[in-house]
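Structure below is protein-v9.cif: mmCIF, C-alpha atoms.
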data_final
loop_
_atom_site.group_PDB
_atom_site.id
_atom_site.type_symbol
_atom_site.label_atom_id
_atom_site.label_comp_id
_atom_site.auth_asym_id
_atom_site.auth_seq_id
_atom_site.Cartn_x
_atom_site.Cartn_y
_atom_site.Cartn_z
ATOM 1 C CA MET A 271 27.935 65.969 -124.263
ATOM 2 C CA ALA A 272 28.897 62.640 -125.847
ATOM 3 C CA ASN A 273 32.047 62.454 -123.747
ATOM 4 C CA ARG A 274 30.126 63.285 -120.568
ATOM 5 C CA ALA A 275 27.608 60.542 -121.329
ATOM 6 C CA LEU A 276 30.384 58.063 -122.035
ATOM 7 C CA ALA A 277 32.266 58.726 -118.798
ATOM 8 C CA PRO A 278 29.716 57.065 -116.457
ATOM 9 C CA PHE A 279 29.541 54.079 -118.804
ATOM 10 C CA LEU A 280 33.310 53.671 -118.755
ATOM 11 C CA LEU A 281 33.329 53.996 -114.979
ATOM 12 C CA VAL A 282 30.679 51.284 -114.559
ATOM 13 C CA THR A 283 32.500 49.031 -117.045
ATOM 14 C CA THR A 284 35.765 49.469 -115.163
ATOM 15 C CA LEU A 285 34.089 48.658 -111.856
ATOM 16 C CA LEU A 286 32.465 45.525 -113.304
ATOM 17 C CA VAL A 287 35.753 44.282 -114.739
ATOM 18 C CA SER A 288 37.448 44.917 -111.388
ATOM 19 C CA LEU A 289 34.695 43.062 -109.556
ATOM 20 C CA LEU A 290 34.868 40.069 -111.877
ATOM 21 C CA ALA A 291 38.630 39.925 -111.447
ATOM 22 C CA THR A 292 38.268 39.440 -107.702
ATOM 23 C CA CYS A 293 34.978 37.537 -107.505
ATOM 24 C CA HIS A 294 35.100 34.004 -108.840
ATOM 25 C CA GLY A 295 31.824 32.682 -107.486
ATOM 26 C CA GLY A 296 33.420 30.057 -105.271
ATOM 27 C CA GLY A 297 33.289 29.774 -101.495
ATOM 28 C CA ILE A 298 35.292 28.340 -98.623
ATOM 29 C CA ALA A 299 34.031 25.496 -96.435
ATOM 30 C CA VAL A 300 35.757 24.813 -93.120
ATOM 31 C CA TYR A 301 35.569 22.054 -90.529
ATOM 32 C CA TRP A 302 35.106 23.280 -86.978
ATOM 33 C CA GLY A 303 35.015 21.612 -83.573
ATOM 34 C CA GLN A 304 37.879 19.129 -83.366
ATOM 35 C CA ASN A 305 40.608 21.142 -81.678
ATOM 36 C CA ASP A 306 41.054 22.972 -78.404
ATOM 37 C CA GLY A 307 41.984 26.588 -78.842
ATOM 38 C CA GLU A 308 40.246 27.363 -82.119
ATOM 39 C CA ALA A 309 37.917 30.320 -82.578
ATOM 40 C CA SER A 310 34.347 30.016 -81.352
ATOM 41 C CA LEU A 311 31.579 29.214 -83.807
ATOM 42 C CA SER A 312 30.264 32.783 -83.677
ATOM 43 C CA GLU A 313 33.762 34.170 -84.323
ATOM 44 C CA THR A 314 34.236 31.728 -87.182
ATOM 45 C CA CYS A 315 31.123 32.943 -88.955
ATOM 46 C CA ALA A 316 31.753 36.605 -88.129
ATOM 47 C CA SER A 317 35.118 36.452 -89.927
ATOM 48 C CA GLY A 318 33.333 36.626 -93.271
ATOM 49 C CA ASN A 319 35.719 34.067 -94.761
ATOM 50 C CA TYR A 320 33.434 31.046 -94.982
ATOM 51 C CA LYS A 321 30.344 30.042 -96.915
ATOM 52 C CA PHE A 322 29.997 26.701 -95.103
ATOM 53 C CA VAL A 323 30.910 25.649 -91.569
ATOM 54 C CA ILE A 324 30.913 21.913 -90.866
ATOM 55 C CA LEU A 325 30.574 20.855 -87.221
ATOM 56 C CA ALA A 326 32.693 17.773 -86.567
ATOM 57 C CA PHE A 327 31.943 15.045 -85.547
ATOM 58 C CA VAL A 328 29.199 12.642 -84.568
ATOM 59 C CA TYR A 329 31.848 9.958 -84.290
ATOM 60 C CA LYS A 330 29.778 7.123 -82.828
ATOM 61 C CA PHE A 331 26.552 5.811 -84.354
ATOM 62 C CA GLY A 332 24.964 2.833 -86.062
ATOM 63 C CA LYS A 333 25.020 -0.894 -85.277
ATOM 64 C CA GLY A 334 22.888 -0.355 -82.192
ATOM 65 C CA GLN A 335 25.208 2.204 -80.607
ATOM 66 C CA THR A 336 23.965 5.337 -78.885
ATOM 67 C CA PRO A 337 25.126 8.221 -81.118
ATOM 68 C CA GLN A 338 27.716 10.543 -79.606
ATOM 69 C CA LEU A 339 28.871 14.020 -80.615
ATOM 70 C CA ASP A 340 32.401 15.259 -79.908
ATOM 71 C CA LEU A 341 33.259 18.968 -80.183
ATOM 72 C CA ALA A 342 36.491 18.814 -78.162
ATOM 73 C CA SER A 343 36.652 21.471 -75.439
ATOM 74 C CA HIS A 344 34.047 23.721 -77.063
ATOM 75 C CA CYS A 345 31.318 22.041 -75.038
ATOM 76 C CA ASP A 346 30.232 18.774 -73.410
ATOM 77 C CA PRO A 347 27.132 17.344 -75.132
ATOM 78 C CA SER A 348 26.673 14.618 -72.498
ATOM 79 C CA SER A 349 25.810 17.261 -69.881
ATOM 80 C CA GLY A 350 23.731 19.413 -72.204
ATOM 81 C CA GLY A 351 26.588 21.875 -72.492
ATOM 82 C CA CYS A 352 26.336 22.277 -76.272
ATOM 83 C CA THR A 353 22.758 23.554 -76.411
ATOM 84 C CA GLY A 354 24.097 27.083 -76.122
ATOM 85 C CA LEU A 355 25.503 26.764 -79.635
ATOM 86 C CA SER A 356 21.980 27.243 -80.997
ATOM 87 C CA LYS A 357 22.412 31.017 -80.789
ATOM 88 C CA ASP A 358 25.700 30.863 -82.709
ATOM 89 C CA ILE A 359 24.235 28.533 -85.337
ATOM 90 C CA ARG A 360 21.306 30.855 -85.985
ATOM 91 C CA SER A 361 23.677 33.824 -86.153
ATOM 92 C CA CYS A 362 25.743 32.018 -88.805
ATOM 93 C CA GLN A 363 22.630 31.140 -90.785
ATOM 94 C CA ASN A 364 21.307 34.685 -90.573
ATOM 95 C CA SER A 365 24.574 35.762 -92.196
ATOM 96 C CA GLY A 366 23.935 33.394 -95.111
ATOM 97 C CA ILE A 367 26.351 30.712 -93.924
ATOM 98 C CA LYS A 368 25.270 27.073 -94.183
ATOM 99 C CA VAL A 369 25.981 25.032 -91.041
ATOM 100 C CA LEU A 370 26.216 21.277 -91.478
ATOM 101 C CA LEU A 371 26.893 18.396 -89.095
ATOM 102 C CA SER A 372 29.585 15.903 -90.061
ATOM 103 C CA ILE A 373 29.192 12.240 -89.224
ATOM 104 C CA GLY A 374 32.131 9.856 -89.176
ATOM 105 C CA GLY A 375 35.699 11.085 -89.269
ATOM 106 C CA GLY A 376 39.038 9.351 -89.324
ATOM 107 C CA ASP A 377 38.776 8.085 -85.751
ATOM 108 C CA GLY A 378 35.508 6.753 -84.394
ATOM 109 C CA SER A 379 33.132 3.861 -83.914
ATOM 110 C CA TYR A 380 30.504 3.908 -86.618
ATOM 111 C CA GLY A 381 28.957 1.954 -89.437
ATOM 112 C CA LEU A 382 25.655 0.684 -90.766
ATOM 113 C CA SER A 383 24.578 -2.940 -90.556
ATOM 114 C CA SER A 384 21.386 -2.852 -92.653
ATOM 115 C CA GLU A 385 18.874 -0.621 -94.419
ATOM 116 C CA GLY A 386 16.888 -0.601 -91.185
ATOM 117 C CA ASP A 387 19.951 0.610 -89.319
ATOM 118 C CA ALA A 388 20.312 3.392 -91.885
ATOM 119 C CA ARG A 389 16.664 4.387 -91.325
ATOM 120 C CA ASP A 390 17.235 4.502 -87.568
ATOM 121 C CA VAL A 391 20.315 6.719 -87.938
ATOM 122 C CA ALA A 392 18.467 8.992 -90.364
ATOM 123 C CA ALA A 393 15.591 9.314 -87.896
ATOM 124 C CA TYR A 394 18.023 10.139 -85.100
ATOM 125 C CA LEU A 395 19.774 12.829 -87.147
ATOM 126 C CA TRP A 396 16.474 14.279 -88.339
ATOM 127 C CA ASN A 397 14.954 14.463 -84.863
ATOM 128 C CA ASN A 398 18.053 15.637 -83.007
ATOM 129 C CA TYR A 399 19.780 18.008 -85.433
ATOM 130 C CA LEU A 400 17.483 18.763 -88.364
ATOM 131 C CA GLY A 401 13.784 19.519 -88.742
ATOM 132 C CA GLY A 402 12.359 16.895 -86.384
ATOM 133 C CA THR A 403 11.703 17.044 -82.662
ATOM 134 C CA SER A 404 13.366 15.450 -79.676
ATOM 135 C CA SER A 405 13.554 16.123 -75.949
ATOM 136 C CA SER A 406 17.334 15.896 -76.046
ATOM 137 C CA ARG A 407 18.696 17.859 -79.001
ATOM 138 C CA PRO A 408 22.474 18.101 -78.375
ATOM 139 C CA LEU A 409 22.801 21.509 -80.064
ATOM 140 C CA GLY A 410 19.527 22.890 -78.779
ATOM 141 C CA ASP A 411 16.618 23.990 -80.934
ATOM 142 C CA ALA A 412 18.599 25.348 -83.881
ATOM 143 C CA VAL A 413 17.924 23.465 -87.124
ATOM 144 C CA LEU A 414 21.097 22.644 -89.025
ATOM 145 C CA ASP A 415 21.208 22.952 -92.804
ATOM 146 C CA GLY A 416 22.347 19.430 -93.528
ATOM 147 C CA ILE A 417 24.553 16.405 -92.951
ATOM 148 C CA ASP A 418 28.114 15.821 -94.095
ATOM 149 C CA PHE A 419 29.323 12.265 -94.783
ATOM 150 C CA ASP A 420 32.995 11.981 -93.780
ATOM 151 C CA ILE A 421 33.050 8.199 -93.907
ATOM 152 C CA GLU A 422 36.547 6.771 -93.579
ATOM 153 C CA LEU A 423 35.922 3.412 -91.878
ATOM 154 C CA GLY A 424 33.126 1.086 -90.793
ATOM 155 C CA GLY A 425 32.368 -0.534 -94.141
ATOM 156 C CA ALA A 426 30.955 0.724 -97.429
ATOM 157 C CA LYS A 427 27.389 -0.571 -97.249
ATOM 158 C CA TYR A 428 24.119 1.303 -96.692
ATOM 159 C CA TRP A 429 25.454 4.869 -96.854
ATOM 160 C CA ASP A 430 23.346 5.282 -99.981
ATOM 161 C CA SER A 431 20.305 4.206 -97.953
ATOM 162 C CA LEU A 432 21.135 6.784 -95.275
ATOM 163 C CA ALA A 433 21.370 9.518 -97.913
ATOM 164 C CA ARG A 434 17.988 8.539 -99.406
ATOM 165 C CA ASP A 435 16.339 8.385 -95.990
ATOM 166 C CA LEU A 436 17.620 11.857 -95.055
ATOM 167 C CA LYS A 437 16.456 13.380 -98.333
ATOM 168 C CA ASN A 438 13.102 11.609 -98.023
ATOM 169 C CA LYS A 439 12.594 13.292 -94.667
ATOM 170 C CA GLY A 440 13.766 16.761 -95.517
ATOM 171 C CA GLY A 441 13.754 17.039 -99.305
ATOM 172 C CA LYS A 442 15.640 20.010 -100.668
ATOM 173 C CA GLY A 443 15.571 21.477 -97.173
ATOM 174 C CA VAL A 444 18.293 19.048 -96.085
ATOM 175 C CA LEU A 445 21.666 19.583 -97.717
ATOM 176 C CA LEU A 446 23.964 16.595 -98.138
ATOM 177 C CA SER A 447 27.720 16.829 -98.496
ATOM 178 C CA ALA A 448 30.532 14.291 -98.565
ATOM 179 C CA ALA A 449 34.280 14.364 -97.995
ATOM 180 C CA PRO A 450 35.757 11.508 -100.032
ATOM 181 C CA GLN A 451 39.458 10.832 -100.502
ATOM 182 C CA CYS A 452 40.793 11.893 -103.906
ATOM 183 C CA PRO A 453 41.542 8.371 -105.252
ATOM 184 C CA PHE A 454 38.534 7.661 -107.472
ATOM 185 C CA PRO A 455 36.052 6.204 -106.705
ATOM 186 C CA ASP A 456 36.036 6.613 -102.938
ATOM 187 C CA GLU A 457 36.019 3.351 -100.998
ATOM 188 C CA TRP A 458 33.365 4.453 -98.497
ATOM 189 C CA ASP A 459 31.470 7.464 -99.845
ATOM 190 C CA GLY A 460 31.336 6.382 -103.487
ATOM 191 C CA GLY A 461 28.030 4.513 -103.364
ATOM 192 C CA ALA A 462 26.258 7.297 -101.515
ATOM 193 C CA ILE A 463 27.544 9.990 -103.873
ATOM 194 C CA ASN A 464 26.320 7.989 -106.866
ATOM 195 C CA THR A 465 22.730 8.360 -105.654
ATOM 196 C CA GLY A 466 22.812 11.854 -107.166
ATOM 197 C CA LEU A 467 21.465 13.305 -103.914
ATOM 198 C CA PHE A 468 24.563 15.195 -102.799
ATOM 199 C CA ASP A 469 24.690 18.968 -103.078
ATOM 200 C CA TYR A 470 28.390 19.329 -102.293
ATOM 201 C CA VAL A 471 31.422 17.050 -102.493
ATOM 202 C CA TRP A 472 34.602 18.395 -100.874
ATOM 203 C CA VAL A 473 37.295 15.997 -102.032
ATOM 204 C CA GLN A 474 40.255 15.454 -99.725
ATOM 205 C CA PHE A 475 43.244 16.209 -101.947
ATOM 206 C CA TYR A 476 45.599 15.585 -99.033
ATOM 207 C CA ASN A 477 47.106 12.544 -97.330
ATOM 208 C CA ASN A 478 46.725 10.934 -100.762
ATOM 209 C CA PRO A 479 50.028 11.472 -102.634
ATOM 210 C CA PRO A 480 48.998 9.893 -105.984
ATOM 211 C CA CYS A 481 46.275 12.468 -106.712
ATOM 212 C CA GLN A 482 46.998 15.562 -104.633
ATOM 213 C CA VAL A 483 48.224 18.799 -106.171
ATOM 214 C CA ASN A 484 51.934 18.108 -105.711
ATOM 215 C CA ALA A 485 51.585 14.805 -107.586
ATOM 216 C CA GLY A 486 51.880 16.956 -110.692
ATOM 217 C CA ARG A 487 49.441 18.820 -112.900
ATOM 218 C CA GLY A 488 48.492 15.747 -114.958
ATOM 219 C CA ALA A 489 47.715 13.462 -112.022
ATOM 220 C CA PHE A 490 45.868 16.173 -110.136
ATOM 221 C CA MET A 491 43.752 17.254 -113.099
ATOM 222 C CA ASP A 492 42.931 13.648 -113.977
ATOM 223 C CA ALA A 493 41.592 13.184 -110.466
ATOM 224 C CA TRP A 494 39.712 16.493 -110.520
ATOM 225 C CA LYS A 495 38.004 15.586 -113.810
ATOM 226 C CA GLN A 496 37.013 12.184 -112.433
ATOM 227 C CA TRP A 497 35.375 13.833 -109.442
ATOM 228 C CA GLU A 498 33.617 16.308 -111.680
ATOM 229 C CA SER A 499 31.934 13.348 -113.372
ATOM 230 C CA VAL A 500 29.965 12.348 -110.262
ATOM 231 C CA PRO A 501 26.255 13.255 -110.067
ATOM 232 C CA ALA A 502 26.632 15.970 -107.443
ATOM 233 C CA GLY A 503 25.916 19.690 -107.371
ATOM 234 C CA GLN A 504 29.352 21.211 -106.724
ATOM 235 C CA ILE A 505 32.892 19.896 -106.251
ATOM 236 C CA PHE A 506 35.328 21.526 -103.821
ATOM 237 C CA LEU A 507 39.106 21.264 -103.611
ATOM 238 C CA GLY A 508 39.809 19.965 -100.097
ATOM 239 C CA LEU A 509 43.124 21.114 -98.617
ATOM 240 C CA PRO A 510 44.904 21.352 -95.257
ATOM 241 C CA ALA A 511 44.933 24.921 -93.929
ATOM 242 C CA SER A 512 48.575 24.609 -92.832
ATOM 243 C CA LYS A 513 51.528 22.251 -93.085
ATOM 244 C CA ASP A 514 50.650 20.866 -89.661
ATOM 245 C CA ALA A 515 47.053 20.052 -90.607
ATOM 246 C CA ALA A 516 47.896 16.946 -92.669
ATOM 247 C CA GLY A 517 50.762 14.602 -93.422
ATOM 248 C CA THR A 518 50.910 15.567 -97.105
ATOM 249 C CA GLY A 519 49.071 17.787 -99.542
ATOM 250 C CA PHE A 520 49.630 21.319 -98.220
ATOM 251 C CA VAL A 521 49.691 23.914 -101.011
ATOM 252 C CA PRO A 522 51.174 27.349 -100.216
ATOM 253 C CA ALA A 523 48.571 30.077 -100.678
ATOM 254 C CA ASP A 524 50.502 31.902 -103.415
ATOM 255 C CA ASP A 525 50.865 28.667 -105.390
ATOM 256 C CA LEU A 526 47.167 27.877 -104.970
ATOM 257 C CA ASN A 527 46.098 31.352 -106.085
ATOM 258 C CA SER A 528 48.438 31.622 -109.050
ATOM 259 C CA ASN A 529 48.792 28.082 -110.365
ATOM 260 C CA VAL A 530 46.079 25.763 -109.062
ATOM 261 C CA LEU A 531 42.787 27.652 -108.834
ATOM 262 C CA PRO A 532 43.112 28.984 -112.405
ATOM 263 C CA LEU A 533 43.095 25.352 -113.589
ATOM 264 C CA ILE A 534 39.775 24.473 -111.979
ATOM 265 C CA ARG A 535 37.793 27.697 -111.455
ATOM 266 C CA GLY A 536 36.223 27.398 -114.887
ATOM 267 C CA SER A 537 35.025 23.845 -114.264
ATOM 268 C CA PRO A 538 31.240 23.488 -114.572
ATOM 269 C CA LYS A 539 30.885 22.075 -111.049
ATOM 270 C CA TYR A 540 33.557 24.131 -109.302
ATOM 271 C CA GLY A 541 32.323 25.184 -105.867
ATOM 272 C CA GLY A 542 35.410 26.447 -104.084
ATOM 273 C CA VAL A 543 37.861 25.224 -101.459
ATOM 274 C CA MET A 544 37.335 23.136 -98.327
ATOM 275 C CA LEU A 545 39.797 23.553 -95.457
ATOM 276 C CA TRP A 546 40.787 21.235 -92.659
ATOM 277 C CA SER A 547 40.386 22.865 -90.262
ATOM 278 C CA LYS A 548 39.436 26.100 -88.483
ATOM 279 C CA TYR A 549 42.069 25.490 -85.796
ATOM 280 C CA TYR A 550 44.867 25.389 -88.366
ATOM 281 C CA ASP A 551 43.391 28.235 -90.377
ATOM 282 C CA ASP A 552 43.437 30.384 -87.234
ATOM 283 C CA ARG A 553 47.164 29.879 -86.952
ATOM 284 C CA ALA A 554 48.153 30.115 -90.622
ATOM 285 C CA GLY A 555 45.680 32.704 -91.932
ATOM 286 C CA TYR A 556 45.167 30.556 -95.009
ATOM 287 C CA SER A 557 41.575 31.568 -95.758
ATOM 288 C CA ASP A 558 42.531 35.246 -95.487
ATOM 289 C CA ALA A 559 45.203 34.668 -98.133
ATOM 290 C CA ILE A 560 43.010 32.820 -100.630
ATOM 291 C CA LYS A 561 39.445 34.129 -100.229
ATOM 292 C CA SER A 562 39.673 36.791 -102.956
ATOM 293 C CA HIS A 563 40.903 34.152 -105.413
ATOM 294 C CA VAL A 564 38.453 31.333 -104.658
#
Target format structure tokens, applied to this file:
Amino acid sequence: MANRALAPFLLVTTLLVSLLATCHGGGIAVYWGQNDGEASLSETCASGNYKFVILAFVYKFGKGQTPQLDLASHCDPSSGGCTGLSKDIRSCQNSGIKVLLSIGGGDGSYGLSSEGDARDVAAYLWNNYLGGTSSSRPLGDAVLDGIDFDIELGGAKYWDSLARDLKNKGGKGVLLSAAPQCPFPDEWDGGAINTGLFDYVWVQFYNNPPCQVNAGRGAFMDAWKQWESVPAGQIFLGLPASKDAAGTGFVPADDLNSNVLPLIRGSPKYGGVMLWSKYYDDRAGYSDAIKSHV
């Protein structure tokens, strides 16, 4: 009888150990929308590989400019052609995936000239993409989960004001994320991140040779620990999804799984891996290769 009673216990213990070995609590975030020929938004979420999908980009805003969204050939927002994405966005959200809108990018016309300008941009984002109302919502009536700050030009001022204004409008219902470069502190996003209002920071450990993974374990871990010191919820390791996705910083999946993730998975603020971008992931299958290790 004792052996029979022990058998189910041993079976459950074995299953739990097996589960813990393959489930590390992290997730994958992916940027979507900047390349022709990538999977649709609904297909992206249906893959089951991602916890966050970041729509990129609102590349023009601030300084009196009329904000503009660019989603490559997926749809044309100027003609109302992107409102159909509302169905896909809700489908993603119903699957537990957070869908955020990224503002900025490496190529655009954006910046903030004053705190008032920041308030105007926050109001625009709130009314057109978040919980507000507008007669011309580019993505239709779906309510996105938050805003991603991928600020790489346009000056360093007033991004903290924009973050405060967005949180003031939506509270905990509006997620904020940022995509700083790995050199610490970030030239553009640093001030905003220091507000303590950001839920997620996916650090770009690519196109930055001094601090990316192949700079060596010491340099990489020094940078990772610096980013863990910021007052944000979770820190993600940002990587290119293929060799073609960035000039430098690609880490082969086997190397990432065996040598890199074990260094950071136990970090208090570890959130997972961010990939640039869905287009490159489609071609390389990178998320498929790493998801059980993240």
Next on the checklist: Using the chain letters and numbers from this file, what does the PyMOL selection byres ((chain A and resi 329-332) around 7) select? Give the answer as a list in words.
Outcome noted: Phe327, Val328, Lys333, Gly334, Gln335, Thr336, Pro337, Gln338, Leu339, Asp340, Ile373, Gly374, Gly375, Gly378, Ser379, Tyr380, Gly381, Leu382, Asp387 and Val391 of chain A
Item to check | Option closest in space to Asp492 in chain A, from A:Tyr301, A:Tyr476, A:Phe468, A:Phe454 [counting all atoms listed in the file] | outcome: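 When distances to Asp492 in chain A are compared using all atoms listed in the file, the smallest one comes from A:Phe454.
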Next on the checklist: With the PyMOL selection byres ((chain A and resi 557) around 9) as the selection, what would be picked from this file? Answer as a list in words, please.
Outcome noted: Ile298, Asn319, Tyr320, Ala511, Ala523, Leu545, Asp551, Asp552, Ala554, Gly555, Tyr556, Asp558, Ala559, Ile560 and Lys561 of chain A
Checklist entry - With only C-alpha atoms as the atoms that count, which of A:Leu526, A:Pro453, A:Leu446, A:Gly354 lies nearest to Ser562 in chain A? => result A:Leu526
Checklist entry - Between A:Lys539, A:Arg487, A:Lys495, A:Arg434, which one has atoms that come closest to Gly466 in chain A, using only C-alpha atoms? => result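 Ranked by minimum distance to Gly466 in chain A, first place goes to A:Arg434.
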Checklist outcome for this item: Between A:Phe475, A:Gln363, A:Ser343, A:Thr465, smallest distance to Ala489 in chain A by only C-alpha atoms belongs to A:Phe475
Checklist outcome for this item: CA of Leu325 in chain A to CA of Trp497 in chain A measures 23.8 Å
Item to check | Coordinates-based distance that separates CA of Leu370 in chain A from CA of Ile421 in chain A (Å, one decimal) | outcome: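 Between CA of Ile421 in chain A and CA of Leu370 in chain A the gap works out to 15.0 Å.
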Item to check | Which residue of A:Ile367, A:Val530, A:Leu395, A:Leu432 approaches Gly297 in chain A most closely, using all atoms listed in the file | outcome: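 That would be A:Ile367, the residue with the smallest distance to Gly297 in chain A.
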Checklist entry - When the PyMOL selection byres ((chain A and resi 443) around 9) is applied to the file above, which residues end up in the set, as a ChimeraX atom specification? => result /A:401,415-416,437,440-442,444-445
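Pairwise distance (CA of Lys548 in chain A, CA of Asp418 in chain A) equals 16.3 Å.
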Checklist entry - Neighbours of Val413 in chain A within 9 Å (only C-alpha atoms; same-chain residues fewer than 5 positions away dropped), as a PyMOL selection string? => result chain A and resi 356+359-360+398-402
Next on the checklist: Which residue is closest to Leu507 in chain A? Choose from A:Cys452, A:Met544, A:Cys362, A:Cys345 and count only C-alpha atoms.
Outcome noted: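 Selected residue with least distance to Leu507 in chain A: A:Met544.
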Checklist entry - What's the 6 Å shell around Asp459 in chain A, counting all atoms listed in the file, without same-chain residues fewer than 3 positions away, as number ranges by chain? => result A: 450, 456, 462
